[in-house]
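For reference, model.cif is printed below; it contains mmCIF, C-alpha atoms.
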```
data_coords
#
loop_
_atom_site.group_PDB
_atom_site.id
_atom_site.type_symbol
_atom_site.label_atom_id
_atom_site.label_comp_id
_atom_site.auth_asym_id
_atom_site.auth_seq_id
_atom_site.Cartn_x
_atom_site.Cartn_y
_atom_site.Cartn_z
ATOM 1 C CA GLN A 53 -34.731 -16.344 -11.344
ATOM 2 C CA VAL A 54 -31.189 -16.457 -10.050
ATOM 3 C CA GLN A 55 -28.597 -16.935 -12.701
ATOM 4 C CA LEU A 56 -24.880 -17.432 -12.717
ATOM 5 C CA VAL A 57 -23.406 -17.352 -16.186
ATOM 6 C CA GLU A 58 -19.809 -18.343 -16.770
ATOM 7 C CA SER A 59 -17.743 -17.393 -19.807
ATOM 8 C CA GLY A 60 -14.175 -17.219 -21.041
ATOM 9 C CA GLY A 61 -13.089 -20.836 -21.260
ATOM 10 C CA GLY A 62 -11.221 -22.336 -24.163
ATOM 11 C CA LEU A 63 -8.230 -24.302 -25.348
ATOM 12 C CA VAL A 64 -4.776 -23.068 -24.400
ATOM 13 C CA GLN A 65 -1.256 -24.456 -24.384
ATOM 14 C CA ALA A 66 0.542 -25.175 -21.150
ATOM 15 C CA GLY A 67 1.998 -21.992 -19.711
ATOM 16 C CA GLY A 68 -0.723 -19.863 -21.258
ATOM 17 C CA SER A 69 -3.398 -17.703 -19.679
ATOM 18 C CA LEU A 70 -7.163 -17.435 -19.660
ATOM 19 C CA ARG A 71 -9.598 -15.138 -17.905
ATOM 20 C CA LEU A 72 -12.953 -16.469 -16.802
ATOM 21 C CA SER A 73 -15.886 -14.247 -15.946
ATOM 22 C CA CYS A 74 -19.106 -14.929 -14.080
ATOM 23 C CA ALA A 75 -22.131 -12.648 -14.165
ATOM 24 C CA ALA A 76 -24.450 -12.945 -11.203
ATOM 25 C CA SER A 77 -27.738 -11.417 -10.230
ATOM 26 C CA ARG A 78 -27.406 -8.463 -7.912
ATOM 27 C CA ARG A 79 -29.509 -10.165 -5.271
ATOM 28 C CA ILE A 80 -27.007 -12.910 -4.577
ATOM 29 C CA PHE A 81 -23.827 -11.144 -5.545
ATOM 30 C CA SER A 82 -24.035 -8.267 -3.117
ATOM 31 C CA ILE A 83 -24.293 -10.312 0.075
ATOM 32 C CA ASN A 84 -22.317 -13.455 -0.626
ATOM 33 C CA THR A 85 -18.801 -14.727 -0.789
ATOM 34 C CA MET A 86 -18.337 -15.874 -4.370
ATOM 35 C CA GLY A 87 -16.309 -18.831 -5.518
ATOM 36 C CA TRP A 88 -14.893 -20.459 -8.591
ATOM 37 C CA TYR A 89 -14.996 -24.232 -8.689
ATOM 38 C CA ARG A 90 -13.827 -26.826 -11.168
ATOM 39 C CA GLN A 91 -14.569 -30.413 -12.054
ATOM 40 C CA PRO A 92 -11.768 -32.271 -13.831
ATOM 41 C CA PRO A 93 -12.704 -35.239 -16.021
ATOM 42 C CA GLY A 94 -13.758 -38.170 -13.871
ATOM 43 C CA LYS A 95 -13.254 -36.306 -10.605
ATOM 44 C CA GLN A 96 -15.352 -34.460 -8.072
ATOM 45 C CA ARG A 97 -15.971 -30.758 -8.186
ATOM 46 C CA GLU A 98 -13.563 -28.753 -6.052
ATOM 47 C CA LEU A 99 -13.175 -25.188 -4.862
ATOM 48 C CA VAL A 100 -10.520 -23.234 -6.741
ATOM 49 C CA ALA A 101 -10.792 -19.793 -5.167
ATOM 50 C CA SER A 102 -13.170 -17.581 -3.242
ATOM 51 C CA VAL A 103 -13.573 -13.867 -2.583
ATOM 52 C CA THR A 104 -15.599 -12.246 0.174
ATOM 53 C CA THR A 105 -17.682 -9.095 -0.115
ATOM 54 C CA GLY A 106 -14.734 -7.363 1.498
ATOM 55 C CA ASP A 107 -12.335 -8.672 -1.169
ATOM 56 C CA SER A 108 -10.554 -11.190 1.044
ATOM 57 C CA THR A 109 -9.419 -14.097 -1.090
ATOM 58 C CA ASN A 110 -8.626 -17.749 -0.585
ATOM 59 C CA TYR A 111 -7.049 -20.215 -3.011
ATOM 60 C CA ALA A 112 -6.620 -23.929 -3.373
ATOM 61 C CA VAL A 113 -3.015 -24.991 -2.903
ATOM 62 C CA ALA A 114 -2.837 -26.242 -6.484
ATOM 63 C CA VAL A 115 -3.518 -22.800 -7.968
ATOM 64 C CA LYS A 116 -2.024 -20.429 -5.420
ATOM 65 C CA GLY A 117 0.362 -18.009 -7.055
ATOM 66 C CA ARG A 118 -1.003 -18.709 -10.545
ATOM 67 C CA PHE A 119 -4.702 -17.795 -10.309
ATOM 68 C CA THR A 120 -6.267 -14.538 -9.143
ATOM 69 C CA ILE A 121 -9.915 -14.100 -8.218
ATOM 70 C CA SER A 122 -11.533 -10.681 -8.205
ATOM 71 C CA ARG A 123 -15.009 -9.215 -8.005
ATOM 72 C CA ASP A 124 -16.538 -6.084 -9.469
ATOM 73 C CA ASN A 125 -19.359 -4.989 -7.219
ATOM 74 C CA ALA A 126 -20.608 -2.417 -9.716
ATOM 75 C CA LYS A 127 -20.981 -4.985 -12.482
ATOM 76 C CA ASN A 128 -21.919 -7.984 -10.304
ATOM 77 C CA THR A 129 -19.151 -10.050 -11.831
ATOM 78 C CA VAL A 130 -16.458 -12.278 -10.424
ATOM 79 C CA ASP A 131 -13.432 -13.069 -12.561
ATOM 80 C CA LEU A 132 -10.717 -15.688 -12.408
ATOM 81 C CA GLN A 133 -7.411 -14.796 -14.038
ATOM 82 C CA MET A 134 -5.489 -17.988 -14.718
ATOM 83 C CA ASN A 135 -1.793 -17.773 -15.559
ATOM 84 C CA GLY A 136 0.788 -20.482 -15.950
ATOM 85 C CA LEU A 137 -1.853 -23.006 -16.884
ATOM 86 C CA LYS A 138 -1.008 -26.686 -16.608
ATOM 87 C CA PRO A 139 -2.637 -29.743 -18.194
ATOM 88 C CA GLU A 140 -3.972 -30.688 -14.766
ATOM 89 C CA ASP A 141 -6.000 -27.467 -14.766
ATOM 90 C CA THR A 142 -8.184 -28.988 -17.491
ATOM 91 C CA ALA A 143 -11.742 -29.007 -16.154
ATOM 92 C CA VAL A 144 -15.176 -27.495 -16.405
ATOM 93 C CA TYR A 145 -15.129 -24.317 -14.324
ATOM 94 C CA PHE A 146 -18.167 -23.071 -12.441
ATOM 95 C CA CYS A 147 -18.983 -20.113 -10.265
ATOM 96 C CA ASN A 148 -21.286 -20.228 -7.277
ATOM 97 C CA VAL A 149 -21.608 -18.686 -3.879
ATOM 98 C CA TYR A 150 -19.394 -20.023 -1.100
ATOM 99 C CA PRO A 151 -20.315 -22.361 0.377
ATOM 100 C CA PRO A 152 -22.052 -23.514 -2.799
ATOM 101 C CA PHE A 153 -25.810 -23.665 -3.197
ATOM 102 C CA GLN A 154 -27.037 -26.599 -5.257
ATOM 103 C CA GLY A 155 -29.643 -24.591 -7.115
ATOM 104 C CA PHE A 156 -27.103 -22.070 -8.390
ATOM 105 C CA TRP A 157 -24.922 -24.402 -10.449
ATOM 106 C CA GLY A 158 -24.814 -23.330 -14.086
ATOM 107 C CA GLN A 159 -23.440 -24.973 -17.196
ATOM 108 C CA GLY A 160 -19.880 -23.985 -16.475
ATOM 109 C CA THR A 161 -17.183 -23.210 -18.996
ATOM 110 C CA GLN A 162 -14.673 -25.709 -20.341
ATOM 111 C CA VAL A 163 -10.962 -25.051 -19.922
ATOM 112 C CA THR A 164 -8.605 -27.373 -21.752
ATOM 113 C CA VAL A 165 -4.847 -27.085 -21.369
ATOM 114 C CA SER A 166 -2.713 -28.969 -23.852
ATOM 115 C CA SER A 167 0.792 -30.135 -23.054
#
```
Encoding of this model in structure tokens:
Amino acid sequence: QVQLVESGGGLVQAGGSLRLSCAASRRIFSINTMGWYRQPPGKQRELVASVTTGDSTNYAVAVKGRFTISRDNAKNTVDLQMNGLKPEDTAVYFCNVYPPFQGFWGQGTQVTVSS
């Protein structure tokens, strides 16, 4: 069964940093662009960043310059380094392939940024 397991969320003050990690099964990781998504309270889920199998990256305007996505093809993991966090970054963060596949959504990991 395909699994995507997110970890690394938590509570941090504005301006702080967190690193999220997602472990994926080899079967989907090796051939897919991977993405990090987030769903703020009361809002729709949105793409935060994506990384191709060739390590090309793309970022949402709101996080560009603050977040960095990376993948480790040996470990089948995709990480999201988040610096300069703002209260508006508060959300549940998910990883999935890009474009997302409904059946791959996991529980996500909560990130809360206090002002």
Contact table stretch 66-110 of chain A vs stretch 118-133 of chain A, cut-off 10 Å, shortest pair per residue, all atoms listed in the file, as JSON lines:
```
{"residue": "A:Ser69", "atom": "CA", "partner": "A:Gln133", "partner_atom": "CA", "distance": 7.5}
{"residue": "A:Leu70", "atom": "CA", "partner": "A:Gln133", "partner_atom": "CA", "distance": 6.2}
{"residue": "A:Arg71", "atom": "CA", "partner": "A:Gln133", "partner_atom": "CA", "distance": 4.5}
{"residue": "A:Leu72", "atom": "CA", "partner": "A:Leu132", "partner_atom": "CA", "distance": 5.0}
{"residue": "A:Ser73", "atom": "CA", "partner": "A:Asp131", "partner_atom": "CA", "distance": 4.3}
{"residue": "A:Cys74", "atom": "CA", "partner": "A:Val130", "partner_atom": "CA", "distance": 5.2}
{"residue": "A:Ala75", "atom": "CA", "partner": "A:Thr129", "partner_atom": "CA", "distance": 4.6}
{"residue": "A:Ala76", "atom": "CA", "partner": "A:Asn128", "partner_atom": "CA", "distance": 5.6}
{"residue": "A:Ser77", "atom": "CA", "partner": "A:Asn128", "partner_atom": "CA", "distance": 6.8}
{"residue": "A:Arg78", "atom": "CA", "partner": "A:Asn128", "partner_atom": "CA", "distance": 6.0}
{"residue": "A:Arg79", "atom": "CA", "partner": "A:Asn128", "partner_atom": "CA", "distance": 9.4}
{"residue": "A:Ile80", "atom": "CA", "partner": "A:Asn128", "partner_atom": "CA", "distance": 9.1}
{"residue": "A:Phe81", "atom": "CA", "partner": "A:Asn128", "partner_atom": "CA", "distance": 6.0}
{"residue": "A:Ser82", "atom": "CA", "partner": "A:Asn125", "partner_atom": "CA", "distance": 7.0}
{"residue": "A:Thr85", "atom": "CA", "partner": "A:Arg123", "partner_atom": "CA", "distance": 9.8}
{"residue": "A:Met86", "atom": "CA", "partner": "A:Val130", "partner_atom": "CA", "distance": 7.3}
{"residue": "A:Gly87", "atom": "CA", "partner": "A:Val130", "partner_atom": "CA", "distance": 8.2}
{"residue": "A:Trp88", "atom": "CA", "partner": "A:Leu132", "partner_atom": "CA", "distance": 7.4}
{"residue": "A:Val100", "atom": "CA", "partner": "A:Phe119", "partner_atom": "CA", "distance": 8.7}
{"residue": "A:Ala101", "atom": "CA", "partner": "A:Ile121", "partner_atom": "CA", "distance": 6.5}
{"residue": "A:Ser102", "atom": "CA", "partner": "A:Ile121", "partner_atom": "CA", "distance": 6.9}
{"residue": "A:Val103", "atom": "CA", "partner": "A:Ile121", "partner_atom": "CA", "distance": 6.7}
{"residue": "A:Thr104", "atom": "CA", "partner": "A:Arg123", "partner_atom": "CA", "distance": 8.7}
{"residue": "A:Thr105", "atom": "CA", "partner": "A:Arg123", "partner_atom": "CA", "distance": 8.3}
{"residue": "A:Gly106", "atom": "CA", "partner": "A:Arg123", "partner_atom": "CA", "distance": 9.7}
{"residue": "A:Asp107", "atom": "CA", "partner": "A:Arg123", "partner_atom": "CA", "distance": 7.4}
{"residue": "A:Ser108", "atom": "CA", "partner": "A:Ser122", "partner_atom": "CA", "distance": 9.3}
{"residue": "A:Thr109", "atom": "CA", "partner": "A:Ile121", "partner_atom": "CA", "distance": 7.1}
{"residue": "A:Asn110", "atom": "CA", "partner": "A:Ile121", "partner_atom": "CA", "distance": 8.6}
```
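Applied to this file, the PyMOL selection byres ((chain A and resi 112) around 9) selects the residues Glu98, Leu99, Val100, Ala101, Asn110, Tyr111, Val113, Ala114, Val115 and Lys116 of chain A.
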Please write out, as JSON, where the centre of an axis-aligned box around all listed atoms of stretch 130-147 of chain A lies and how long its edges are, in Å to one decimal, after adding 6 Å on each side.
```
{"center_x": -9.1, "center_y": -21.5, "center_z": -14.2, "size_x": 31.8, "size_y": 30.4, "size_z": 19.9}
```
**Message:** Nearest residue to A:Gly62 out of A:Asn135, A:Gln162, A:Asn148, A:Gln154, using only C-alpha atoms?
**Reply:** A:Gln162
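Among the candidates A:Ser166, A:Pro92, A:Gly68, A:Gly117, the residue lying nearest to A:Leu137 is A:Gly68 (atoms considered: only C-alpha atoms).
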If you count only C-alpha atoms, which residues fall within 12 Å of A:Val144, apart from same-chain ones fewer than 4 positions away, as a CSV table (one decimal) with C-alpha atoms, in the frame of the given file?
```
chain,number,residue,atom,x,y,z
A,58,GLU,CA,-19.8,-18.3,-16.8
A,59,SER,CA,-17.7,-17.4,-19.8
A,60,GLY,CA,-14.2,-17.2,-21.0
A,61,GLY,CA,-13.1,-20.8,-21.3
A,62,GLY,CA,-11.2,-22.3,-24.2
A,63,LEU,CA,-8.2,-24.3,-25.3
A,72,LEU,CA,-13.0,-16.5,-16.8
A,88,TRP,CA,-14.9,-20.5,-8.6
A,89,TYR,CA,-15.0,-24.2,-8.7
A,90,ARG,CA,-13.8,-26.8,-11.2
A,91,GLN,CA,-14.6,-30.4,-12.1
A,92,PRO,CA,-11.8,-32.3,-13.8
A,93,PRO,CA,-12.7,-35.2,-16.0
A,94,GLY,CA,-13.8,-38.2,-13.9
A,95,LYS,CA,-13.3,-36.3,-10.6
A,96,GLN,CA,-15.4,-34.5,-8.1
A,97,ARG,CA,-16.0,-30.8,-8.2
A,98,GLU,CA,-13.6,-28.8,-6.1
A,99,LEU,CA,-13.2,-25.2,-4.9
A,100,VAL,CA,-10.5,-23.2,-6.7
A,140,GLU,CA,-4.0,-30.7,-14.8
A,157,TRP,CA,-24.9,-24.4,-10.4
A,158,GLY,CA,-24.8,-23.3,-14.1
A,159,GLN,CA,-23.4,-25.0,-17.2
A,160,GLY,CA,-19.9,-24.0,-16.5
A,161,THR,CA,-17.2,-23.2,-19.0
A,162,GLN,CA,-14.7,-25.7,-20.3
A,163,VAL,CA,-11.0,-25.1,-19.9
A,164,THR,CA,-8.6,-27.4,-21.8
A,165,VAL,CA,-4.8,-27.1,-21.4
```
Since the input lacks some atoms of stretch 72-93 of chain A, please model N, CA, C and O atoms and print them as a compact mmCIF listing (two decimals), in the coordinates of the input.
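The resulting file, rebuild02.txt, is reproduced below:
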```txt
# COMPACT_ATOMS: atom_id res chain seq x y z
N LEU A 72 -11.56 -16.07 -16.89
CA LEU A 72 -12.95 -16.47 -16.80
C LEU A 72 -13.75 -15.36 -16.13
O LEU A 72 -13.24 -14.65 -15.26
N SER A 73 -15.01 -15.24 -16.55
CA SER A 73 -15.89 -14.25 -15.95
C SER A 73 -17.23 -14.87 -15.61
O SER A 73 -17.71 -15.74 -16.33
N CYS A 74 -17.80 -14.43 -14.51
CA CYS A 74 -19.11 -14.93 -14.08
C CYS A 74 -19.99 -13.73 -13.78
O CYS A 74 -19.63 -12.87 -12.97
N ALA A 75 -21.14 -13.70 -14.42
CA ALA A 75 -22.13 -12.65 -14.16
C ALA A 75 -23.21 -13.21 -13.25
O ALA A 75 -23.74 -14.30 -13.50
N ALA A 76 -23.48 -12.48 -12.19
CA ALA A 76 -24.45 -12.94 -11.20
C ALA A 76 -25.54 -11.91 -11.00
O ALA A 76 -25.34 -10.73 -11.26
N SER A 77 -26.68 -12.37 -10.55
CA SER A 77 -27.74 -11.42 -10.23
C SER A 77 -27.34 -10.61 -9.01
O SER A 77 -26.64 -11.11 -8.11
N ARG A 78 -27.78 -9.37 -8.98
CA ARG A 78 -27.41 -8.46 -7.91
C ARG A 78 -27.83 -9.02 -6.55
O ARG A 78 -27.12 -8.87 -5.55
N ARG A 79 -28.93 -9.69 -6.53
CA ARG A 79 -29.51 -10.16 -5.27
C ARG A 79 -28.59 -11.11 -4.53
O ARG A 79 -28.48 -11.06 -3.31
N ILE A 80 -27.90 -11.98 -5.27
CA ILE A 80 -27.01 -12.91 -4.58
C ILE A 80 -25.59 -12.38 -4.51
O ILE A 80 -24.84 -12.69 -3.60
N PHE A 81 -25.21 -11.59 -5.49
CA PHE A 81 -23.83 -11.14 -5.54
C PHE A 81 -23.48 -10.23 -4.39
O PHE A 81 -22.40 -10.32 -3.81
N SER A 82 -24.36 -9.34 -4.05
CA SER A 82 -24.04 -8.27 -3.12
C SER A 82 -23.84 -8.73 -1.68
O SER A 82 -23.21 -8.03 -0.89
N ILE A 83 -24.35 -9.90 -1.33
CA ILE A 83 -24.29 -10.31 0.08
C ILE A 83 -23.51 -11.60 0.30
O ILE A 83 -23.42 -12.07 1.42
N ASN A 84 -22.95 -12.15 -0.76
CA ASN A 84 -22.32 -13.46 -0.63
C ASN A 84 -20.85 -13.48 -1.00
O ASN A 84 -20.43 -12.76 -1.91
N THR A 85 -20.11 -14.33 -0.29
CA THR A 85 -18.80 -14.73 -0.79
C THR A 85 -19.02 -15.51 -2.08
O THR A 85 -19.93 -16.33 -2.16
N MET A 86 -18.23 -15.21 -3.08
CA MET A 86 -18.34 -15.87 -4.37
C MET A 86 -17.14 -16.79 -4.58
O MET A 86 -16.04 -16.50 -4.12
N GLY A 87 -17.38 -17.87 -5.29
CA GLY A 87 -16.31 -18.83 -5.52
C GLY A 87 -16.26 -19.32 -6.95
O GLY A 87 -17.28 -19.33 -7.65
N TRP A 88 -15.08 -19.72 -7.35
CA TRP A 88 -14.89 -20.46 -8.59
C TRP A 88 -14.56 -21.90 -8.22
O TRP A 88 -13.73 -22.13 -7.32
N TYR A 89 -15.18 -22.81 -8.91
CA TYR A 89 -15.00 -24.23 -8.69
C TYR A 89 -14.63 -24.88 -10.01
O TYR A 89 -14.85 -24.30 -11.08
N ARG A 90 -14.10 -26.10 -9.93
CA ARG A 90 -13.83 -26.83 -11.17
C ARG A 90 -14.06 -28.31 -10.97
O ARG A 90 -13.96 -28.83 -9.85
N GLN A 91 -14.38 -28.97 -12.07
CA GLN A 91 -14.57 -30.41 -12.05
C GLN A 91 -13.75 -31.02 -13.17
O GLN A 91 -14.13 -30.96 -14.35
N PRO A 92 -12.60 -31.60 -12.81
CA PRO A 92 -11.77 -32.27 -13.83
C PRO A 92 -12.47 -33.52 -14.33
O PRO A 92 -13.34 -34.08 -13.64
N PRO A 93 -12.08 -34.02 -15.48
CA PRO A 93 -12.70 -35.24 -16.02
C PRO A 93 -12.61 -36.40 -15.04
O PRO A 93 -11.52 -36.71 -14.55
```
